[in-house]
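Enquirer: One structure coming up, written as structure tokens, with questions to follow.
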Amino acid sequence: MGETLAKDRLGTDPIGKLLFRMAAPSVVAMVMQAMYNTIDSVYVAKISSASLAAITLAYPIQMITGAMSTGIGVGINSSISRSLGEGHPEKSSKAAANGMLLGLISLVIMVLFGLFGVRWYLGLYTDDAAVIEAGLIYIRTICLLSIGTIFTQISFSILQGSGNMLIPMVCQIAGCLTVLGLDPLFILVFKMGVGGAALASSTAQIISMFIGLFGVFYVNRKNLPIRRGDFKPQGAVLKDILSVGVPSALTQATTSIVSGIVNKIVAQYGTATISVYGGFSRISTFGILPIFGVTRGMNPILGYSYGAKNKKRFTQTQRLACITASIISSVTGLFLLLFPNVALGMISANQEMLTFGVNAYRILSISLFINGISISLSQCFPPAKRSYLTMIYSALRQLAFLIPLTLLLSRIWGRTGVWIGLVITDYLAFFVILFMSIWFRRTVLDKWDDTHINENNTANTQEAN
């Protein structure tokens, strides 16, 4: 069905209908992801504010795990969809199998960090014994059981690259339902504390992984048959995956490192401030993660359009994805702007947290009104083998804007300056990505028209002769 998919769906279906069909399951899946991120925080907050602070400090490590698996996944997705667009389905199967081999390397790295690096990492941020104890349990558990996170993402990318968006949605729903059941069981009934939260989350990811791999090797095998011989490492295939995936992974890794630096800045104002910021980070995922659901639906279409050099489909898909993502993020922004008390209530905020948390959430929510467009535009480059543009954008945002602004403004206005610095960063990055998108259109997409015109003129000349 790979050929049918390419010709009858990715290549010819109306963009609105196709993007909805491709993105809707992934958006639902990302909403589920946001739900169990938030559910985790809600139950952990019931243990103690130190426990909530611990999982906030764990977030950069989770982002590193996600960066490696997502980077590989972006490379797989791009390679599969481009190969379909170019008419080479056999290369798609090799990309899927070789991508899984790269996933095994990521797993080894995370397990080693879980065994030997966690105490050192926590010592960078706090000397609070309660936070360190909780953090050791939580981070070690998620690292040692990171096989679920890594191979769930890789299986998603294989499925989505070949146009199957339904199974990833089923995986995320299953994961969310698992967390809904296991979090209260492990934390409240079995009294396992923060370790129970980590075990519940990891178990959910492992269940999602099994469903995803079942989808790859059984349900989707007619679409993209993966054979034993495809698992033989092939330099050209690995290079193709990594040429797109490494910049994407570095982009997310940079975000993780900078997130750790921001946590360090926030930590100087105490455990309550870490908890408030961590609560916002989790709740705001309702406006952020679904955007990545939209881009996951968008990327196979863009990758195919790039392979086929179809500018019209590329730009129409890009535009519609930006509009959809902007609506999603803006709705979440409005909620946090208008009802910060409700959001703080979700993380069981105490009186100290409420005194500054309401203002913090109102300031931070302002970024969500432009994040949808920024994220969507930044994710348009990898399908066109221009991942380095996403990396440059991220480096500017994180290193040139975010760190200097949060450091400077925190010295002027304290923790409020941190929130203001984060918002200014997002708006500066918004203008950068607009400029980069215009440049990309003029230097890449507009040349496709010239190519097609020249081809048509040549064909007409030959016919005339």
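Simple scheme: letters A, B, ... for chains in structure tokens order, numbers from 1 for residues in each chain, numbers from 1 for ligands in the order shown.
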Residues of segment 178-273 of chain A that have any atom at most 8 Å from an atom of segment 58-74 of chain A: could you tabulate them with the shortest-distance atom pair and the distance in Å to one decimal, using only C-alpha atoms, ordered by chain and increasing number, as a tab-separated table?
Expert:
```
residue	atom	partner	partner_atom	distance
A:Ile241	CA	A:Ile72	CA	6.8
A:Leu242	CA	A:Ile72	CA	7.0
A:Val244	CA	A:Val74	CA	7.0
A:Gly245	CA	A:Gly71	CA	4.3
A:Val246	CA	A:Gly71	CA	6.0
A:Pro247	CA	A:Gly71	CA	7.5
A:Ser248	CA	A:Gly71	CA	5.0
A:Ala249	CA	A:Gly71	CA	4.1
A:Leu250	CA	A:Ala67	CA	7.3
A:Thr251	CA	A:Ala67	CA	7.8
A:Gln252	CA	A:Ala67	CA	4.9
A:Ala253	CA	A:Ile64	CA	5.5
A:Thr255	CA	A:Met63	CA	7.9
A:Ser256	CA	A:Pro60	CA	4.7
A:Ile257	CA	A:Pro60	CA	6.7
A:Ser259	CA	A:Pro60	CA	6.1
A:Gly260	CA	A:Pro60	CA	5.8
```
Enquirer: Mind checking which residues fall within 7 Å of segment 275-284 of chain A, counting only C-alpha atoms, ignoring those fewer than 4 positions away in the same chain, and posting them as an mmCIF file with N, CA and C atoms, in the first residue's frame?
Expert:
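Output file part29.cif follows:
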```cif
data_model
loop_
_atom_site.group_PDB
_atom_site.id
_atom_site.type_symbol
_atom_site.label_atom_id
_atom_site.label_comp_id
_atom_site.auth_asym_id
_atom_site.auth_seq_id
_atom_site.Cartn_x
_atom_site.Cartn_y
_atom_site.Cartn_z
ATOM 1 N N ASN A 37 1.158 13.776 31.616
ATOM 2 C CA ASN A 37 2.164 14.640 32.244
ATOM 3 C C ASN A 37 1.559 15.409 33.408
ATOM 4 N N THR A 38 0.372 15.970 33.170
ATOM 5 C CA THR A 38 -0.288 16.768 34.191
ATOM 6 C C THR A 38 -0.797 15.893 35.332
ATOM 7 N N SER A 49 5.678 19.292 48.178
ATOM 8 C CA SER A 49 6.215 20.244 47.206
ATOM 9 C C SER A 49 7.630 19.848 46.799
ATOM 10 N N LEU A 52 7.298 17.495 43.904
ATOM 11 C CA LEU A 52 6.980 18.215 42.668
ATOM 12 C C LEU A 52 8.220 18.926 42.144
ATOM 13 N N ALA A 53 9.022 19.482 43.059
ATOM 14 C CA ALA A 53 10.273 20.118 42.641
ATOM 15 C C ALA A 53 11.214 19.093 42.007
ATOM 16 N N THR A 56 10.244 18.337 38.522
ATOM 17 C CA THR A 56 10.575 19.503 37.700
ATOM 18 C C THR A 56 12.050 19.445 37.287
ATOM 19 N N THR A 271 12.165 26.183 46.778
ATOM 20 C CA THR A 271 11.399 25.024 46.310
ATOM 21 C C THR A 271 10.026 25.414 45.785
ATOM 22 N N ILE A 288 1.146 23.017 23.928
ATOM 23 C CA ILE A 288 2.385 22.784 23.180
ATOM 24 C C ILE A 288 2.403 21.424 22.504
ATOM 25 N N THR A 332 -5.056 27.527 25.134
ATOM 26 C CA THR A 332 -4.385 27.236 26.406
ATOM 27 C C THR A 332 -3.860 28.512 27.044
ATOM 28 N N ILE A 347 -2.209 21.823 40.931
ATOM 29 C CA ILE A 347 -0.961 21.307 41.498
ATOM 30 C C ILE A 347 -0.927 21.489 43.017
ATOM 31 N N MET A 353 2.890 29.617 47.343
ATOM 32 C CA MET A 353 2.912 29.494 45.888
ATOM 33 C C MET A 353 1.872 30.398 45.239
ATOM 34 N N GLY A 357 2.349 32.932 42.274
ATOM 35 C CA GLY A 357 2.041 32.041 41.159
ATOM 36 C C GLY A 357 1.027 32.614 40.182
ATOM 37 N N TYR A 361 1.843 32.923 36.207
ATOM 38 C CA TYR A 361 1.110 32.223 35.155
ATOM 39 C C TYR A 361 0.538 33.195 34.132
#
```
Enquirer: Extract, using only C-alpha atoms, all DNA, RNA and protein residues at most 12 Å from Met165 of chain A, discarding same-chain residues fewer than 6 positions from it, and format them as a PyMOL selection string.
Expert: chain A and resi 18-30+155-159+171-172+212+215-216+220+293-300
Enquirer: Pull the helix (DSSP H, G or I) assignments for segment 88-193 of chain A out of DSSP run on the backbone, and list those residues as a VMD selection string.
Expert: chain A and resid 89 to 116 118 to 123 129 to 144 147 to 161 166 to 189 193
Enquirer: So which residues touch Arg313 of chain A within 10 Å, counting only C-alpha atoms, skipping near sequence neighbours fewer than 4 positions away, as a PyMOL selection string?
Expert: chain A and resi 10-15+301-302+304-306+308-309+317-319
Enquirer: Restricting the output to N, CA and C atoms, write the selected residues as an mmCIF file, in the first residue's frame.
Expert:
```cif
data_model
loop_
_atom_site.group_PDB
_atom_site.id
_atom_site.type_symbol
_atom_site.label_atom_id
_atom_site.label_comp_id
_atom_site.auth_asym_id
_atom_site.auth_seq_id
_atom_site.Cartn_x
_atom_site.Cartn_y
_atom_site.Cartn_z
ATOM 1 N N LEU A 10 -0.901 11.103 0.000
ATOM 2 C CA LEU A 10 0.082 12.161 0.234
ATOM 3 C C LEU A 10 0.240 13.060 -0.981
ATOM 4 N N GLY A 11 0.062 12.509 -2.168
ATOM 5 C CA GLY A 11 0.329 13.286 -3.368
ATOM 6 C C GLY A 11 -0.855 13.991 -3.972
ATOM 7 N N THR A 12 -2.090 13.507 -3.720
ATOM 8 C CA THR A 12 -3.231 14.055 -4.466
ATOM 9 C C THR A 12 -4.436 14.461 -3.626
ATOM 10 N N ASP A 13 -4.586 13.935 -2.406
ATOM 11 C CA ASP A 13 -5.757 14.290 -1.594
ATOM 12 C C ASP A 13 -5.788 15.786 -1.294
ATOM 13 N N PRO A 14 -6.979 16.393 -1.163
ATOM 14 C CA PRO A 14 -7.068 17.809 -0.769
ATOM 15 C C PRO A 14 -6.335 18.045 0.548
ATOM 16 N N ILE A 15 -5.592 19.138 0.631
ATOM 17 C CA ILE A 15 -4.725 19.395 1.774
ATOM 18 C C ILE A 15 -5.498 19.428 3.097
ATOM 19 N N ILE A 301 3.465 14.864 4.701
ATOM 20 C CA ILE A 301 2.990 15.567 3.505
ATOM 21 C C ILE A 301 4.100 16.461 2.954
ATOM 22 N N LEU A 302 4.783 17.170 3.865
ATOM 23 C CA LEU A 302 5.886 18.030 3.431
ATOM 24 C C LEU A 302 7.024 17.203 2.836
ATOM 25 N N TYR A 304 6.858 14.258 1.400
ATOM 26 C CA TYR A 304 6.453 13.775 0.089
ATOM 27 C C TYR A 304 6.500 14.913 -0.934
ATOM 28 N N SER A 305 5.988 16.088 -0.530
ATOM 29 C CA SER A 305 5.969 17.247 -1.440
ATOM 30 C C SER A 305 7.385 17.664 -1.805
ATOM 31 N N TYR A 306 8.306 17.547 -0.850
ATOM 32 C CA TYR A 306 9.702 17.865 -1.143
ATOM 33 C C TYR A 306 10.275 16.874 -2.156
ATOM 34 N N ALA A 308 8.661 15.210 -4.321
ATOM 35 C CA ALA A 308 7.999 15.421 -5.616
ATOM 36 C C ALA A 308 8.210 16.835 -6.154
ATOM 37 N N LYS A 309 8.873 17.703 -5.376
ATOM 38 C CA LYS A 309 9.099 19.114 -5.732
ATOM 39 C C LYS A 309 7.789 19.828 -6.056
ATOM 40 N N THR A 317 0.099 23.188 2.947
ATOM 41 C CA THR A 317 0.161 22.383 4.166
ATOM 42 C C THR A 317 0.774 23.181 5.305
ATOM 43 N N GLN A 318 1.843 23.874 5.006
ATOM 44 C CA GLN A 318 2.527 24.698 6.003
ATOM 45 C C GLN A 318 1.587 25.760 6.582
ATOM 46 N N ARG A 319 0.862 26.433 5.699
ATOM 47 C CA ARG A 319 -0.030 27.511 6.140
ATOM 48 C C ARG A 319 -1.161 26.984 7.031
#
```
Enquirer: By how many Å are atom CA of Ile412 of chain A and atom CA of Leu368 of chain A apart?
Expert: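 Calculated distance between atom CA of Ile412 of chain A and atom CA of Leu368 of chain A is 24.2 Å.
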Enquirer: So that I can see what lies close to Ile206 of chain A, please list as a PyMOL selection string the residues with an atom at most 9 Å from it, counting only C-alpha atoms and leaving out residues fewer than 5 positions away in the same chain.
Expert: chain A and resi 145-149+151-152+175+201+211
Enquirer: Rank A:Ala325, A:Leu399, A:Ile167, A:Ile274 by their smallest atom-to-atom distance to Leu289 of chain A, using only C-alpha atoms, and report the top residue only.
Expert: A:Ala325
Enquirer: Could you tell me how far atom CA of Gly235 of chain A sits from atom CA of Cys380 of chain A, in Å to one decimal place?
Expert: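 Distance between the two atoms: 25.8 Å.
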Enquirer: Could you please determine the separation between atom CA of Ala96 of chain A and atom CA of Ile76 of chain A in Å, to one decimal place?
Expert: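 Interatomic distance here is 6.1 Å.
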Enquirer: For Val262 of chain A, which of A:Met35, A:Ile424, A:Val418, A:Leu101 is the closest residue, counting only C-alpha atoms?
Expert: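 Among the listed residues, the smallest separation from Val262 of chain A belongs to A:Val418.
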Enquirer: Go through A:Ala321, A:Lys264, A:Pro290, A:Glu352 one by one, measure the shortest atom-to-atom distance of each to Thr406 of chain A using only C-alpha atoms, and give the residue with the smallest value.
Expert: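 The shortest atom-to-atom distance to Thr406 of chain A comes from A:Lys264.
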Enquirer: Counting only C-alpha atoms, which residue out of A:Ala198, A:Leu428, A:Leu124, A:Ile366 sits closest to Ala267 of chain A?
Expert: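 Looking only at the distances to Ala267 of chain A, the closest residue turns out to be A:Leu124.
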